[in-house]
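Trainee: Have a peek at input_27.cif (mmCIF, C-alpha atoms).
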```cif
data_run
#
loop_
_atom_site.group_PDB
_atom_site.id
_atom_site.type_symbol
_atom_site.label_atom_id
_atom_site.label_comp_id
_atom_site.auth_asym_id
_atom_site.auth_seq_id
_atom_site.Cartn_x
_atom_site.Cartn_y
_atom_site.Cartn_z
ATOM 1 C CA MET C 520 0.000 0.000 0.000
ATOM 2 C CA GLU C 521 1.049 3.569 -0.677
ATOM 3 C CA ASP C 522 0.779 4.488 3.009
ATOM 4 C CA LYS C 523 3.562 2.069 3.895
ATOM 5 C CA LYS C 524 5.937 3.751 1.440
ATOM 6 C CA MET C 525 5.636 7.107 3.202
ATOM 7 C CA GLN C 526 7.363 8.219 6.378
ATOM 8 C CA TYR C 527 5.008 9.051 9.187
ATOM 9 C CA LEU C 528 4.639 10.016 12.828
ATOM 10 C CA PHE C 529 1.844 8.723 15.019
ATOM 11 C CA GLY C 530 0.359 9.515 18.391
ATOM 12 C CA MET C 531 -1.417 12.682 19.476
ATOM 13 C CA HIS C 532 1.450 14.289 21.418
ATOM 14 C CA PRO C 533 4.280 13.567 18.905
ATOM 15 C CA VAL C 534 2.214 14.880 15.992
ATOM 16 C CA LEU C 535 1.087 17.932 17.960
ATOM 17 C CA GLU C 536 4.665 18.820 18.897
ATOM 18 C CA ALA C 537 5.894 18.243 15.344
ATOM 19 C CA VAL C 538 3.300 20.636 13.929
ATOM 20 C CA LYS C 539 4.248 23.233 16.554
ATOM 21 C CA ALA C 540 7.895 22.817 15.545
ATOM 22 C CA GLY C 541 7.052 23.614 11.931
ATOM 23 C CA LYS C 542 7.435 20.105 10.525
ATOM 24 C CA LYS C 543 5.967 19.805 7.036
ATOM 25 C CA PHE C 544 3.298 17.154 6.499
ATOM 26 C CA ASP C 545 1.703 15.841 3.340
ATOM 27 C CA LYS C 546 -1.482 14.824 5.144
ATOM 28 C CA VAL C 547 -2.799 13.863 8.572
ATOM 29 C CA LEU C 548 -5.252 11.022 9.158
ATOM 30 C CA LEU C 549 -7.545 11.341 12.157
ATOM 31 C CA LYS C 550 -9.759 8.654 13.631
ATOM 32 C CA GLN C 551 -13.436 9.394 13.350
ATOM 33 C CA GLY C 552 -14.965 10.478 16.660
ATOM 34 C CA LEU C 553 -11.835 11.907 18.285
ATOM 35 C CA GLU C 554 -12.449 14.365 21.114
ATOM 36 C CA GLY C 555 -10.551 16.153 23.865
ATOM 37 C CA ALA C 556 -8.443 19.266 24.441
ATOM 38 C CA GLN C 557 -5.355 17.959 22.591
ATOM 39 C CA PHE C 558 -7.464 17.015 19.590
ATOM 40 C CA ARG C 559 -9.015 20.486 19.453
ATOM 41 C CA GLU C 560 -5.570 22.078 19.715
ATOM 42 C CA LEU C 561 -4.286 19.863 16.906
ATOM 43 C CA MET C 562 -7.247 20.744 14.692
ATOM 44 C CA GLU C 563 -6.629 24.456 15.205
ATOM 45 C CA LEU C 564 -2.961 24.062 14.277
ATOM 46 C CA LEU C 565 -3.717 21.952 11.201
ATOM 47 C CA LYS C 566 -6.123 24.597 9.910
ATOM 48 C CA GLU C 567 -3.774 27.449 10.819
ATOM 49 C CA ASN C 568 -0.890 25.810 8.940
ATOM 50 C CA GLU C 569 -3.120 24.678 6.038
ATOM 51 C CA ILE C 570 -2.160 21.028 6.531
ATOM 52 C CA THR C 571 -4.469 18.595 4.753
ATOM 53 C CA PHE C 572 -6.364 16.316 7.135
ATOM 54 C CA GLN C 573 -8.917 13.545 6.742
ATOM 55 C CA PHE C 574 -11.158 11.642 9.125
ATOM 56 C CA VAL C 575 -10.996 7.875 8.570
ATOM 57 C CA PRO C 576 -12.180 4.687 10.322
ATOM 58 C CA GLY C 577 -9.886 3.389 13.033
ATOM 59 C CA GLU C 578 -9.320 0.183 11.041
ATOM 60 C CA ARG C 579 -7.349 2.118 8.442
ATOM 61 C CA LEU C 580 -4.999 3.468 11.089
ATOM 62 C CA ASN C 581 -4.644 0.010 12.631
ATOM 63 C CA ARG C 582 -3.533 -1.411 9.283
ATOM 64 C CA THR C 583 -0.723 1.138 9.078
ATOM 65 C CA VAL C 584 0.595 1.306 12.644
ATOM 66 C CA ARG C 585 1.173 -1.501 15.092
ATOM 67 C CA GLY C 586 0.970 0.267 18.385
ATOM 68 C CA SER C 587 -0.849 3.087 20.125
ATOM 69 C CA HIS C 588 -1.471 5.635 17.387
ATOM 70 C CA GLN C 589 -4.125 7.367 19.555
ATOM 71 C CA GLY C 590 -6.143 8.024 16.440
ATOM 72 C CA VAL C 591 -3.527 10.185 14.662
ATOM 73 C CA ILE C 592 -1.064 9.420 11.863
ATOM 74 C CA ALA C 593 0.813 12.244 10.114
ATOM 75 C CA TYR C 594 2.651 11.635 6.841
ATOM 76 C CA ILE C 595 5.870 13.592 6.477
ATOM 77 C CA SER C 596 6.316 15.611 3.281
ATOM 78 C CA GLN C 597 8.978 14.321 0.921
ATOM 79 C CA ILE C 598 9.604 17.863 -0.319
ATOM 80 C CA ASP C 599 9.345 21.400 1.023
ATOM 81 C CA TYR C 600 6.239 23.050 -0.420
ATOM 82 C CA VAL C 601 6.072 26.774 -1.198
ATOM 83 C CA ASP C 602 2.965 28.939 -1.122
ATOM 84 C CA ILE C 603 1.522 30.448 -4.296
ATOM 85 C CA GLU C 604 2.964 33.907 -3.590
ATOM 86 C CA GLN C 605 6.464 32.529 -3.132
ATOM 87 C CA LEU C 606 6.122 30.362 -6.243
ATOM 88 C CA VAL C 607 5.204 33.357 -8.378
ATOM 89 C CA ASP C 608 7.897 35.581 -6.852
ATOM 90 C CA ASN C 609 10.556 32.918 -7.409
ATOM 91 C CA ALA C 610 9.488 32.298 -11.012
ATOM 92 C CA LEU C 611 9.277 35.956 -12.028
ATOM 93 C CA GLY C 612 12.506 36.686 -10.175
ATOM 94 C CA ARG C 613 14.390 34.125 -12.275
ATOM 95 C CA SER C 614 12.811 34.697 -15.689
ATOM 96 C CA GLU C 615 10.785 37.280 -17.594
ATOM 97 C CA ASN C 616 8.781 34.477 -19.209
ATOM 98 C CA PRO C 617 8.537 31.586 -16.754
ATOM 99 C CA ILE C 618 6.654 28.353 -17.409
ATOM 100 C CA LEU C 619 4.490 26.893 -14.635
ATOM 101 C CA LEU C 620 2.200 23.874 -14.593
ATOM 102 C CA ILE C 621 -1.191 23.397 -12.937
ATOM 103 C CA LEU C 622 -2.215 19.768 -12.433
ATOM 104 C CA ASP C 623 -5.978 19.478 -12.102
ATOM 105 C CA GLY C 624 -6.465 16.037 -10.591
ATOM 106 C CA VAL C 625 -3.486 14.063 -11.955
ATOM 107 C CA SER C 626 -3.632 11.044 -9.653
ATOM 108 C CA ASP C 627 -0.825 8.686 -10.701
ATOM 109 C CA VAL C 628 2.474 9.269 -8.893
ATOM 110 C CA ARG C 629 4.500 8.068 -11.880
ATOM 111 C CA ASN C 630 2.758 10.549 -14.156
ATOM 112 C CA LEU C 631 3.356 13.304 -11.635
ATOM 113 C CA GLY C 632 7.039 12.408 -11.436
ATOM 114 C CA ALA C 633 7.416 12.238 -15.214
ATOM 115 C CA ILE C 634 5.709 15.625 -15.607
ATOM 116 C CA ALA C 635 8.046 17.209 -13.047
ATOM 117 C CA ARG C 636 11.045 15.720 -14.842
ATOM 118 C CA SER C 637 9.938 17.163 -18.189
ATOM 119 C CA LEU C 638 9.236 20.555 -16.633
ATOM 120 C CA GLU C 639 12.690 20.754 -15.054
ATOM 121 C CA CYS C 640 14.306 19.718 -18.352
ATOM 122 C CA ALA C 641 12.286 22.386 -20.176
ATOM 123 C CA GLY C 642 13.487 25.072 -17.764
ATOM 124 C CA GLY C 643 10.127 25.414 -16.031
ATOM 125 C CA PHE C 644 9.913 26.668 -12.482
ATOM 126 C CA GLY C 645 7.066 25.053 -10.598
ATOM 127 C CA ILE C 646 4.024 22.826 -10.281
ATOM 128 C CA ILE C 647 0.733 23.678 -8.598
ATOM 129 C CA VAL C 648 -1.316 20.747 -7.283
ATOM 130 C CA PRO C 649 -4.531 20.494 -5.251
ATOM 131 C CA ALA C 650 -4.324 19.630 -1.569
ATOM 132 C CA LYS C 651 -6.964 16.947 -2.138
ATOM 133 C CA GLY C 652 -7.691 14.794 -5.158
ATOM 134 C CA GLY C 653 -4.205 14.645 -6.661
ATOM 135 C CA ALA C 654 -1.286 12.234 -6.619
ATOM 136 C CA ALA C 655 0.682 11.922 -3.399
ATOM 137 C CA ILE C 656 4.111 13.505 -3.645
ATOM 138 C CA ASN C 657 5.906 10.598 -2.031
ATOM 139 C CA ALA C 658 9.174 8.734 -2.517
ATOM 140 C CA ASP C 659 7.827 7.035 -5.660
ATOM 141 C CA ALA C 660 6.964 10.396 -7.222
ATOM 142 C CA VAL C 661 10.391 11.814 -6.393
ATOM 143 C CA LYS C 662 12.041 8.728 -7.882
ATOM 144 C CA ALA C 663 9.928 8.899 -11.054
ATOM 145 C CA SER C 664 10.925 12.547 -11.428
ATOM 146 C CA ALA C 665 14.642 11.608 -11.328
ATOM 147 C CA GLY C 666 14.967 14.119 -8.501
ATOM 148 C CA ALA C 667 13.278 16.960 -10.388
ATOM 149 C CA LEU C 668 10.706 17.419 -7.614
ATOM 150 C CA LEU C 669 13.605 18.388 -5.366
ATOM 151 C CA ARG C 670 14.774 21.028 -7.855
ATOM 152 C CA ILE C 671 11.575 22.825 -8.841
ATOM 153 C CA ASP C 672 9.044 24.602 -6.652
ATOM 154 C CA THR C 673 5.910 22.670 -5.752
ATOM 155 C CA CYS C 674 2.849 24.452 -4.428
ATOM 156 C CA LYS C 675 -0.066 22.590 -2.842
ATOM 157 C CA VAL C 676 -3.233 24.678 -2.662
ATOM 158 C CA PRO C 677 -6.661 24.077 -1.085
ATOM 159 C CA ASN C 678 -8.393 25.697 -4.071
ATOM 160 C CA LEU C 679 -7.015 25.541 -7.622
ATOM 161 C CA ARG C 680 -9.384 28.255 -8.847
ATOM 162 C CA LEU C 681 -8.094 30.779 -6.320
ATOM 163 C CA ALA C 682 -4.523 29.897 -7.287
ATOM 164 C CA ALA C 683 -5.426 30.352 -10.951
ATOM 165 C CA TYR C 684 -6.931 33.779 -10.224
ATOM 166 C CA TYR C 685 -3.732 34.791 -8.443
ATOM 167 C CA LEU C 686 -1.628 33.673 -11.402
ATOM 168 C CA LYS C 687 -3.786 35.703 -13.794
ATOM 169 C CA GLN C 688 -3.479 38.765 -11.570
ATOM 170 C CA SER C 689 0.295 38.238 -11.536
ATOM 171 C CA GLY C 690 0.508 38.384 -15.324
ATOM 172 C CA PHE C 691 0.419 34.699 -16.254
ATOM 173 C CA LYS C 692 -1.586 33.457 -19.215
ATOM 174 C CA LEU C 693 -3.517 30.280 -18.412
ATOM 175 C CA VAL C 694 -3.407 27.755 -21.263
ATOM 176 C CA ALA C 695 -5.603 24.668 -20.914
ATOM 177 C CA ALA C 696 -4.603 21.520 -22.784
ATOM 178 C CA THR C 697 -7.891 20.118 -24.066
ATOM 179 C CA GLU C 698 -9.439 18.511 -27.114
ATOM 180 C CA LYS C 699 -12.504 20.750 -26.621
ATOM 181 C CA THR C 700 -11.211 23.394 -29.031
ATOM 182 C CA ASP C 701 -10.338 23.822 -32.701
ATOM 183 C CA LYS C 702 -7.223 25.827 -31.812
ATOM 184 C CA LEU C 703 -3.971 23.874 -31.974
ATOM 185 C CA ILE C 704 -1.057 24.364 -29.604
ATOM 186 C CA TYR C 705 0.933 26.000 -32.441
ATOM 187 C CA ASP C 706 -1.675 28.751 -32.739
ATOM 188 C CA VAL C 707 -1.572 29.794 -29.080
ATOM 189 C CA ASP C 708 0.943 32.439 -28.007
ATOM 190 C CA MET C 709 2.884 31.047 -25.044
ATOM 191 C CA THR C 710 5.887 33.385 -25.210
ATOM 192 C CA GLY C 711 5.084 35.331 -22.044
ATOM 193 C CA PRO C 712 4.636 34.072 -18.490
ATOM 194 C CA VAL C 713 2.446 31.001 -18.889
ATOM 195 C CA ALA C 714 0.762 28.447 -16.645
ATOM 196 C CA ILE C 715 -0.243 25.304 -18.518
ATOM 197 C CA ILE C 716 -3.267 23.460 -17.106
ATOM 198 C CA MET C 717 -3.294 19.665 -17.436
ATOM 199 C CA GLY C 718 -6.259 17.518 -16.435
ATOM 200 C CA SER C 719 -6.687 14.160 -14.768
ATOM 201 C CA GLU C 720 -5.982 10.896 -16.522
ATOM 202 C CA GLY C 721 -9.649 9.954 -16.767
ATOM 203 C CA LYS C 722 -11.736 13.128 -16.789
ATOM 204 C CA GLY C 723 -9.405 15.783 -18.149
ATOM 205 C CA ILE C 724 -9.611 19.372 -16.939
ATOM 206 C CA SER C 725 -12.610 20.284 -14.814
ATOM 207 C CA GLN C 726 -15.105 22.698 -16.343
ATOM 208 C CA SER C 727 -14.469 25.245 -13.605
ATOM 209 C CA MET C 728 -10.784 25.401 -14.561
ATOM 210 C CA LEU C 729 -11.543 25.420 -18.295
ATOM 211 C CA ASP C 730 -13.724 28.464 -17.709
ATOM 212 C CA LEU C 731 -10.758 30.299 -16.182
ATOM 213 C CA ALA C 732 -8.345 29.531 -19.030
ATOM 214 C CA ASP C 733 -7.255 32.420 -21.237
ATOM 215 C CA GLU C 734 -6.611 29.993 -24.098
ATOM 216 C CA LYS C 735 -7.553 26.405 -24.918
ATOM 217 C CA ALA C 736 -5.049 24.406 -26.963
ATOM 218 C CA ALA C 737 -5.378 21.007 -28.628
ATOM 219 C CA ILE C 738 -2.585 18.622 -29.598
ATOM 220 C CA PRO C 739 -3.080 17.427 -33.197
ATOM 221 C CA MET C 740 -3.963 13.742 -33.330
ATOM 222 C CA ALA C 741 -3.617 11.659 -36.504
ATOM 223 C CA GLY C 742 -4.019 8.103 -35.224
ATOM 224 C CA GLU C 743 -7.035 6.097 -34.180
ATOM 225 C CA ILE C 744 -6.191 6.388 -30.471
ATOM 226 C CA THR C 745 -7.468 9.831 -29.588
ATOM 227 C CA SER C 746 -5.693 10.513 -26.296
ATOM 228 C CA LEU C 747 -2.159 10.702 -24.927
ATOM 229 C CA ASN C 748 -0.765 9.849 -21.518
ATOM 230 C CA VAL C 749 -0.937 13.036 -19.447
ATOM 231 C CA SER C 750 2.816 13.124 -18.863
ATOM 232 C CA VAL C 751 3.477 12.904 -22.610
ATOM 233 C CA ALA C 752 0.853 15.560 -23.372
ATOM 234 C CA SER C 753 2.372 17.825 -20.701
ATOM 235 C CA ALA C 754 5.821 17.521 -22.278
ATOM 236 C CA ILE C 755 4.428 18.396 -25.709
ATOM 237 C CA LEU C 756 2.786 21.567 -24.359
ATOM 238 C CA MET C 757 5.868 22.582 -22.400
ATOM 239 C CA TYR C 758 8.214 22.151 -25.315
ATOM 240 C CA GLU C 759 5.911 24.071 -27.634
ATOM 241 C CA ALA C 760 6.252 26.944 -25.160
ATOM 242 C CA VAL C 761 10.041 26.442 -25.244
ATOM 243 C CA ARG C 762 10.048 26.355 -29.071
ATOM 244 C CA GLN C 763 8.154 29.632 -29.227
ATOM 245 C CA ARG C 764 10.713 31.258 -26.941
ATOM 246 C CA VAL C 765 13.604 29.989 -29.076
ATOM 247 C CA VAL C 766 12.204 31.234 -32.387
ATOM 248 C CA LYS C 767 10.752 34.483 -31.053
#
```
Can you turn what I pasted into structure tokens?
Mentor:
Amino acid sequence: MEDKKMQYLFGMHPVLEAVKAGKKFDKVLLKQGLEGAQFRELMELLKENEITFQFVPGERLNRTVRGSHQGVIAYISQIDYVDIEQLVDNALGRSENPILLILDGVSDVRNLGAIARSLECAGGFGIIVPAKGGAAINADAVKASAGALLRIDTCKVPNLRLAAYYLKQSGFKLVAATEKTDKLIYDVDMTGPVAIIMGSEGKGISQSMLDLADEKAAIPMAGEITSLNVSVASAILMYEAVRQRVVK
């Protein structure tokens, strides 16, 4: 199971102290029905530090930890996340025309790793992922990225739409990769600051994110199979943005 491949802390007091000390967590699992002063303090700190948490049956915690977990397991982040403001500042501080990526529901860790690897190779600066509903950024993802996830900024946000609004206000063009357009990737100007939106493996980009896109771009398809793996499609979009910068 994926949970067993991630480093974690367990027990109410150890997790509480780790959060107070500023330890970064990917997610925290809490047993349904927890009560008490320490639990309320932990909840306040999780919300204050925008740490993702989830209430689960006690059986799930029992399968992961042999011992007294006291209803709390916290999974340690494999990377250091940055907030959206820092991501934008870092990107614009290093390039006039940075490339960012928004992953709207990509759920496979190998795809996530491959996308990060392509972005780093293309000279991109960061990935924005949802706090819930996306692939876990664990050791497998870091391995699949060939270490790229340790070299680029990664931002985990509770609301992708709000992050997208902030990017637009900061001067980024949002380009959605979708087949729901007649405009090909070669016809979309991606020479300025750009954030490319990629959708989930099964459903593609959500309608709410499509509505926010400044441009919609389709990859030309000539074969009978009408879809590409999301990591391959991401690389094609990224390198079209790179090509436009080279020939500009």
Trainee: Could you work out how far CA of Asp623 (chain C) lies from CA of Leu729 (chain C), giving the answer in Å with one decimal?
Mentor: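 Atom-to-atom, CA of Leu729 (chain C) and CA of Asp623 (chain C) are spaced 10.2 Å apart.
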Trainee: Listing only residues of region 616-726 of chain C within 8 Å of region 760-764 of chain C, what is the closest atom pair and its distance in Å (to one decimal) for each, using all atoms listed in the file, sorted by chain and residue number ascending, as a tab-separated table?
Mentor:
```
residue	atom	partner	partner_atom	distance
C:Ile618	CA	C:Ala760	CA	7.9
C:Ala641	CA	C:Val761	CA	6.9
C:Asp708	CA	C:Gln763	CA	7.8
C:Met709	CA	C:Ala760	CA	5.3
C:Thr710	CA	C:Arg764	CA	5.6
```
Trainee: Exactly which residues make up the result of the PyMOL selection byres ((chain C and resi 598) around 9) on this file, given as a ChimeraX atom specification?
Mentor: /C:543,545,595-597,599-600,656-657,661,668-669,673
Trainee: If we count all atoms listed in the file and set the cut-off at 12 Å, which residues sit around Ala732 (chain C), ignoring sequence neighbours fewer than 2 positions away in its own chain? Please answer as a PDB file with C-alpha atoms, in the coordinates of the input.
Mentor:
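Contents of the output file selection04.pdb:
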```
ATOM      1  CA  ILE C 621      -1.191  23.397 -12.937  1.00  0.00           C
ATOM      2  CA  ARG C 680      -9.384  28.255  -8.847  1.00  0.00           C
ATOM      3  CA  ALA C 683      -5.426  30.352 -10.951  1.00  0.00           C
ATOM      4  CA  TYR C 684      -6.931  33.779 -10.224  1.00  0.00           C
ATOM      5  CA  LEU C 686      -1.628  33.673 -11.402  1.00  0.00           C
ATOM      6  CA  LYS C 687      -3.786  35.703 -13.794  1.00  0.00           C
ATOM      7  CA  PHE C 691       0.419  34.699 -16.254  1.00  0.00           C
ATOM      8  CA  LYS C 692      -1.586  33.457 -19.215  1.00  0.00           C
ATOM      9  CA  LEU C 693      -3.517  30.280 -18.412  1.00  0.00           C
ATOM     10  CA  VAL C 694      -3.407  27.755 -21.263  1.00  0.00           C
ATOM     11  CA  ALA C 695      -5.603  24.668 -20.914  1.00  0.00           C
ATOM     12  CA  ALA C 696      -4.603  21.520 -22.784  1.00  0.00           C
ATOM     13  CA  THR C 697      -7.891  20.118 -24.066  1.00  0.00           C
ATOM     14  CA  VAL C 713       2.446  31.001 -18.889  1.00  0.00           C
ATOM     15  CA  ALA C 714       0.762  28.447 -16.645  1.00  0.00           C
ATOM     16  CA  ILE C 715      -0.243  25.304 -18.518  1.00  0.00           C
ATOM     17  CA  ILE C 716      -3.267  23.460 -17.106  1.00  0.00           C
ATOM     18  CA  MET C 717      -3.294  19.665 -17.436  1.00  0.00           C
ATOM     19  CA  ILE C 724      -9.611  19.372 -16.939  1.00  0.00           C
ATOM     20  CA  SER C 725     -12.610  20.284 -14.814  1.00  0.00           C
ATOM     21  CA  GLN C 726     -15.105  22.698 -16.343  1.00  0.00           C
ATOM     22  CA  SER C 727     -14.469  25.245 -13.605  1.00  0.00           C
ATOM     23  CA  MET C 728     -10.784  25.401 -14.561  1.00  0.00           C
ATOM     24  CA  LEU C 729     -11.543  25.420 -18.295  1.00  0.00           C
ATOM     25  CA  ASP C 730     -13.724  28.464 -17.709  1.00  0.00           C
ATOM     26  CA  GLU C 734      -6.611  29.993 -24.098  1.00  0.00           C
ATOM     27  CA  LYS C 735      -7.553  26.405 -24.918  1.00  0.00           C
ATOM     28  CA  ALA C 736      -5.049  24.406 -26.963  1.00  0.00           C
TER      29      ALA C 736
END
```
Trainee: Return the single residue from C:Ala556, C:Val766, C:Ala658, C:Leu638 that is closest to Ala752 (chain C), with distances computed using all atoms listed in the file.
Mentor: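 Ranking C:Ala556, C:Val766, C:Ala658, C:Leu638 by distance to Ala752 (chain C), first place goes to C:Leu638.
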Trainee: Could you tell me which residues the PyMOL selection byres ((chain C and resi 616) around 7) grabs in this file, written as a list in words?
Mentor: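 Evaluating the PyMOL selection byres ((chain C and resi 616) around 7) on this file yields Ser614, Glu615, Pro617, Ile618, Thr710, Gly711 and Pro712 of chain C.
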Trainee: Take the residues just selected and output them with C-alpha atoms as a CSV table (one decimal), in the coordinates of the input.
Mentor:
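Writing done, so here's selection14.csv:
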```
chain,number,residue,atom,x,y,z
C,614,SER,CA,12.8,34.7,-15.7
C,615,GLU,CA,10.8,37.3,-17.6
C,617,PRO,CA,8.5,31.6,-16.8
C,618,ILE,CA,6.7,28.4,-17.4
C,710,THR,CA,5.9,33.4,-25.2
C,711,GLY,CA,5.1,35.3,-22.0
C,712,PRO,CA,4.6,34.1,-18.5
```
Trainee: What does the distance between CA of Glu569 (chain C) and CA of Ala650 (chain C) come to in Å, to one decimal place?
Mentor: 9.2 Å
Trainee: Using only C-alpha atoms, can you tell me which of C:Ile738, C:Leu747, C:Leu548, C:Leu681 comes closest to Tyr594 (chain C)?
Mentor: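 With only C-alpha atoms as the atom set, the closest residue is C:Leu548.
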Trainee: What would region 629-656 of chain C look like with N, CA and C atoms restored, written as a PDB file, in the frame of the given file?
Mentor:
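Final output, selection.pdb:
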```
ATOM      1  N   ARG C 629       3.495   8.177 -10.805  1.00  0.00           N
ATOM      2  CA  ARG C 629       4.500   8.068 -11.880  1.00  0.00           C
ATOM      3  C   ARG C 629       4.291   9.149 -12.931  1.00  0.00           C
ATOM      4  N   ASN C 630       3.039   9.448 -13.236  1.00  0.00           N
ATOM      5  CA  ASN C 630       2.758  10.549 -14.156  1.00  0.00           C
ATOM      6  C   ASN C 630       3.218  11.874 -13.570  1.00  0.00           C
ATOM      7  N   LEU C 631       2.921  12.079 -12.297  1.00  0.00           N
ATOM      8  CA  LEU C 631       3.356  13.304 -11.635  1.00  0.00           C
ATOM      9  C   LEU C 631       4.872  13.441 -11.695  1.00  0.00           C
ATOM     10  N   GLY C 632       5.580  12.362 -11.393  1.00  0.00           N
ATOM     11  CA  GLY C 632       7.039  12.408 -11.436  1.00  0.00           C
ATOM     12  C   GLY C 632       7.568  12.686 -12.824  1.00  0.00           C
ATOM     13  N   ALA C 633       6.972  12.031 -13.832  1.00  0.00           N
ATOM     14  CA  ALA C 633       7.416  12.238 -15.214  1.00  0.00           C
ATOM     15  C   ALA C 633       7.157  13.670 -15.670  1.00  0.00           C
ATOM     16  N   ILE C 634       6.028  14.236 -15.258  1.00  0.00           N
ATOM     17  CA  ILE C 634       5.709  15.625 -15.607  1.00  0.00           C
ATOM     18  C   ILE C 634       6.725  16.575 -14.988  1.00  0.00           C
ATOM     19  N   ALA C 635       7.056  16.361 -13.722  1.00  0.00           N
ATOM     20  CA  ALA C 635       8.046  17.209 -13.047  1.00  0.00           C
ATOM     21  C   ALA C 635       9.407  17.107 -13.734  1.00  0.00           C
ATOM     22  N   ARG C 636       9.767  15.912 -14.155  1.00  0.00           N
ATOM     23  CA  ARG C 636      11.045  15.720 -14.842  1.00  0.00           C
ATOM     24  C   ARG C 636      11.077  16.504 -16.142  1.00  0.00           C
ATOM     25  N   SER C 637      10.002  16.422 -16.925  1.00  0.00           N
ATOM     26  CA  SER C 637       9.938  17.163 -18.189  1.00  0.00           C
ATOM     27  C   SER C 637       9.977  18.667 -17.950  1.00  0.00           C
ATOM     28  N   LEU C 638       9.262  19.124 -16.918  1.00  0.00           N
ATOM     29  CA  LEU C 638       9.236  20.555 -16.633  1.00  0.00           C
ATOM     30  C   LEU C 638      10.621  21.072 -16.262  1.00  0.00           C
ATOM     31  N   GLU C 639      11.336  20.328 -15.442  1.00  0.00           N
ATOM     32  CA  GLU C 639      12.690  20.754 -15.054  1.00  0.00           C
ATOM     33  C   GLU C 639      13.602  20.782 -16.274  1.00  0.00           C
ATOM     34  N   CYS C 640      13.486  19.765 -17.138  1.00  0.00           N
ATOM     35  CA  CYS C 640      14.306  19.718 -18.352  1.00  0.00           C
ATOM     36  C   CYS C 640      13.979  20.878 -19.291  1.00  0.00           C
ATOM     37  N   ALA C 641      12.715  21.297 -19.299  1.00  0.00           N
ATOM     38  CA  ALA C 641      12.286  22.386 -20.176  1.00  0.00           C
ATOM     39  C   ALA C 641      12.604  23.763 -19.592  1.00  0.00           C
ATOM     40  N   GLY C 642      13.163  23.800 -18.398  1.00  0.00           N
ATOM     41  CA  GLY C 642      13.487  25.072 -17.764  1.00  0.00           C
ATOM     42  C   GLY C 642      12.319  25.703 -17.048  1.00  0.00           C
ATOM     43  N   GLY C 643      11.267  24.904 -16.775  1.00  0.00           N
ATOM     44  CA  GLY C 643      10.127  25.414 -16.031  1.00  0.00           C
ATOM     45  C   GLY C 643      10.462  25.585 -14.563  1.00  0.00           C
ATOM     46  N   PHE C 644       9.569  26.274 -13.845  1.00  0.00           N
ATOM     47  CA  PHE C 644       9.913  26.668 -12.482  1.00  0.00           C
ATOM     48  C   PHE C 644       9.056  26.055 -11.389  1.00  0.00           C
ATOM     49  N   GLY C 645       7.858  25.565 -11.700  1.00  0.00           N
ATOM     50  CA  GLY C 645       7.066  25.053 -10.598  1.00  0.00           C
ATOM     51  C   GLY C 645       5.786  24.373 -11.020  1.00  0.00           C
ATOM     52  N   ILE C 646       5.270  23.562 -10.092  1.00  0.00           N
ATOM     53  CA  ILE C 646       4.024  22.826 -10.281  1.00  0.00           C
ATOM     54  C   ILE C 646       3.054  23.216  -9.178  1.00  0.00           C
ATOM     55  N   ILE C 647       1.795  23.393  -9.558  1.00  0.00           N
ATOM     56  CA  ILE C 647       0.733  23.678  -8.598  1.00  0.00           C
ATOM     57  C   ILE C 647      -0.220  22.487  -8.594  1.00  0.00           C
ATOM     58  N   VAL C 648      -0.458  21.924  -7.412  1.00  0.00           N
ATOM     59  CA  VAL C 648      -1.316  20.747  -7.283  1.00  0.00           C
ATOM     60  C   VAL C 648      -2.369  21.009  -6.213  1.00  0.00           C
ATOM     61  N   PRO C 649      -3.506  20.319  -6.281  1.00  0.00           N
ATOM     62  CA  PRO C 649      -4.531  20.494  -5.251  1.00  0.00           C
ATOM     63  C   PRO C 649      -4.171  19.751  -3.978  1.00  0.00           C
ATOM     64  N   ALA C 650      -4.593  20.282  -2.848  1.00  0.00           N
ATOM     65  CA  ALA C 650      -4.324  19.630  -1.569  1.00  0.00           C
ATOM     66  C   ALA C 650      -5.048  18.292  -1.474  1.00  0.00           C
ATOM     67  N   LYS C 651      -6.204  18.191  -2.132  1.00  0.00           N
ATOM     68  CA  LYS C 651      -6.964  16.947  -2.138  1.00  0.00           C
ATOM     69  C   LYS C 651      -7.298  16.572  -3.580  1.00  0.00           C
ATOM     70  N   GLY C 652      -7.271  15.265  -3.848  1.00  0.00           N
ATOM     71  CA  GLY C 652      -7.691  14.794  -5.158  1.00  0.00           C
ATOM     72  C   GLY C 652      -6.575  14.612  -6.170  1.00  0.00           C
ATOM     73  N   GLY C 653      -5.327  14.830  -5.759  1.00  0.00           N
ATOM     74  CA  GLY C 653      -4.205  14.645  -6.661  1.00  0.00           C
ATOM     75  C   GLY C 653      -3.274  13.553  -6.179  1.00  0.00           C
ATOM     76  N   ALA C 654      -2.259  13.265  -6.978  1.00  0.00           N
ATOM     77  CA  ALA C 654      -1.286  12.234  -6.619  1.00  0.00           C
ATOM     78  C   ALA C 654      -0.487  12.640  -5.389  1.00  0.00           C
ATOM     79  N   ALA C 655      -0.168  11.662  -4.558  1.00  0.00           N
ATOM     80  CA  ALA C 655       0.682  11.922  -3.399  1.00  0.00           C
ATOM     81  C   ALA C 655       2.109  12.186  -3.862  1.00  0.00           C
ATOM     82  N   ILE C 656       2.716  13.214  -3.306  1.00  0.00           N
ATOM     83  CA  ILE C 656       4.111  13.505  -3.645  1.00  0.00           C
ATOM     84  C   ILE C 656       4.972  12.756  -2.634  1.00  0.00           C
TER      85      ILE C 656
END
```
